[in-house]
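Q: Supplied in C-alpha cells, the structure appears directly below.
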Amino acid sequence: MTPGDQPRIALLYADTGGGHRATAEAVDQAIHQLFSGVYHTEIINAINALPYPYDQAEKIYPRAIKQFRTGYEPIWKATNNRRTTTASRFFLETAGRDRAREFLLQHPADLVASCHPILNQAIPEALNDIAPNTPVVGVVSDPSTVHALFWSPRISQYTVPSHTAYLRAIESGRLARQISRVAHGWW
C-alpha cells in the first residue's frame with residue numbers, strides 16, 4: 001500500500017510551549033505502533049493557518065512567559081471563560097477563515113487532529129468549507145488546568161489525558177460520548 005492509498009491524518013500543533021508539538025509527535029508514534037502501515041500521518045506546525053496577531057504566538061508567548069511570569073496567571077484566568085473563547089472563535093473564524101482554508105488545502109486529510117487550543121477554534125469551520133465530512137478531533141495535552149480555548153462546539157470528539165481533563169470537558173458542555181480518556185496514569 002502506498003502513502004496515496006492510505007487514509008491521511010493531519011496532526012496539527014503550534015510551537016508555543018506547553019507540549020503541543022510533543023503531543024502531536026506522541027499521537028503520531030501511537031498511530032504507527034498500533035496501526036503500522038494503515039494510515040499516512042503528517043505532523044504540521046499550523047501557526048501559519050492563523051490570522052494576526054495569533055500567528056505571532058510562537059514568537060511572543062515564550063518571551064512573555066519568561067518576562068512576565070507573575071502576570072501570566074491573571075491573563076490566563078481572565079481569558080479562561082466561555083465569553084472570551086466565543087469572541088476568540090468568532091475572530092479566528094472570520095478574520096482567519098481564508099488563511100485557514102488555504103493552509104488546509106495545502107494539507108489535505110481524511111481526519112484532522114488538533115493538538116492546540118487556538119487551532120481548535122480556527123480550523124474546524126474553515127475545514128467545513130472545503131471538506132465538510134472531514135472530522136476534527138481535539139487532542140488535549142493538559143491533564144489538569146485545561147484552558148477554555150481547548151473546547152469548541154465545532155469539534156465532535158476529544159481525547160483527554162486524565163479524569164480531571166474529562167471533568168473539565170463535561171463542565172464546558174461536551175457530552176460524555178464526545179470524550180475519550182486515553183491515559184490511566186497516576187492522575
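All residue names refer to the C-alpha cells as shown: chains lettered A, B, ... in order, residues numbered from 1 in each chain, ligands numbered from 1 in order.
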Need to verify the contact set: A:Gln178, 10 Å, only C-alpha atoms, exclusion of same-chain residues closer than 5 positions in sequence. Can you return it as a list of chain:residue names?

A: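 Listing them by chain and then by number gives A:Val137, A:Ile155, A:Ser156, A:Gln157, A:Tyr158, A:Thr159, A:Ala169, A:Ile170.
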
Q: Quick check for you: according to DSSP on this backbone, which residues of stretch 30-159 of chain A are classed as strand (DSSP E)? Reply as number ranges by chain.

A: A: 40-45, 111-114, 136-139, 157-159

Q: Between A:Asp15, A:Ala95, A:Pro143, A:Ile130, which one has atoms that come closest to A:Ile43, using only C-alpha atoms?

A: A:Asp15

Q: Hey, which of A:Gly18, A:Asn45, A:Tyr72, A:Glu125 ends up closest to A:Val146? Count only C-alpha atoms.

A: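 Of all the options, A:Gly18 lies closest to A:Val146.
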
Q: Record the distance separating atom CA of A:Ala10 and atom CA of A:Asn80, expressed in Å with one decimal.

A: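 Taking atom CA of A:Ala10 and atom CA of A:Asn80, their separation equals 27.0 Å.
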
Q: Name the residues of chain A that fall into alpha helix (DSSP H) according to DSSP on the backbone, using the chain letters and numbers of this document, as a VMD selection string.

A: chain A and resid 20 to 34 57 to 67 69 to 79 82 to 95 97 to 106 117 to 130 163 to 171

Q: Have a look at atom CA of A:Ala22 and atom CA of A:Thr70 and let me know their distance in Å, one decimal.

A: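 According to the coordinates, atom CA of A:Ala22 and atom CA of A:Thr70 are separated by 25.7 Å.
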
Q: Near A:Trp151, within 9 Å and counting only C-alpha atoms, which residues show up once chain neighbours fewer than 4 positions away are dropped, as a ChimeraX atom specification?

A: /A:85,117,120-121,138,147,155,158,169,172-174

Q: Go through A:Leu167, A:Tyr13, A:Arg101, A:Ala109 one by one, measure the shortest atom-to-atom distance of each to A:Asn128 using only C-alpha atoms, and give the residue with the smallest value.

A: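 Using only C-alpha atoms, A:Asn128 sits closest to A:Arg101.
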
Q: Compare A:Thr16, A:Asp98, A:Thr23, A:Thr134 by their minimum atom-to-atom distance to A:Ile65, counting only C-alpha atoms, and give me the closest one.

A: A:Thr16

Q: Report, in Å to a single decimal, how far apart atom CA of A:Tyr54 and atom CA of A:Val112 are.

A: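 Computed distance, atom CA of A:Val112 to atom CA of A:Tyr54, equals 19.9 Å.
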
Q: Pick out the residues sitting within 9 Å of A:Ile118, and hand them over as a CSV table (one decimal) with N, CA and C atoms, in the first residue's frame; count only C-alpha atoms, and ignore anything fewer than 2 positions along from it in its own chain.

A:
chain,number,residue,atom,x,y,z
A,14,ALA,N,0.9,24.1,17.2
A,14,ALA,CA,1.6,25.4,17.2
A,14,ALA,C,2.7,25.3,18.3
A,50,LEU,N,-3.2,30.7,11.1
A,50,LEU,CA,-3.9,31.7,12.0
A,50,LEU,C,-3.7,33.1,11.5
A,54,TYR,N,-2.5,36.2,16.2
A,54,TYR,CA,-2.3,34.8,16.7
A,54,TYR,C,-1.2,34.1,16.0
A,88,SER,N,-12.9,34.9,20.8
A,88,SER,CA,-11.7,34.5,20.0
A,88,SER,C,-12.1,33.6,18.8
A,89,ARG,N,-13.1,32.7,19.0
A,89,ARG,CA,-13.5,31.8,17.9
A,89,ARG,C,-14.1,32.7,16.8
A,92,LEU,N,-11.2,34.4,15.0
A,92,LEU,CA,-10.4,33.4,14.2
A,92,LEU,C,-11.2,32.9,13.0
A,116,HIS,N,-3.7,21.9,19.6
A,116,HIS,CA,-3.5,23.2,20.2
A,116,HIS,C,-4.8,23.9,20.4
A,120,ASN,N,-8.0,24.7,17.7
A,120,ASN,CA,-9.3,24.1,17.9
A,120,ASN,C,-10.4,25.1,17.5
A,121,GLN,N,-10.1,26.4,17.7
A,121,GLN,CA,-11.1,27.4,17.4
A,121,GLN,C,-11.0,27.9,15.9
A,122,ALA,N,-9.9,27.8,15.3
A,122,ALA,CA,-9.7,28.3,13.9
A,122,ALA,C,-9.9,27.3,12.8
A,123,ILE,N,-9.6,26.1,13.0
A,123,ILE,CA,-9.6,25.1,11.9
A,123,ILE,C,-10.9,24.5,11.6
A,149,LEU,N,-10.1,27.6,25.8
A,149,LEU,CA,-9.9,27.6,24.4
A,149,LEU,C,-9.8,26.2,23.8
A,150,PHE,N,-9.5,25.2,24.6
A,150,PHE,CA,-9.5,23.8,24.1
A,150,PHE,C,-10.8,23.4,23.6

Q: Pick the closest to A:His107 from A:Ala30, A:Trp76, A:Val139, A:Ile44: which is it, counting only C-alpha atoms?

A: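 Closest candidate: A:Ile44.
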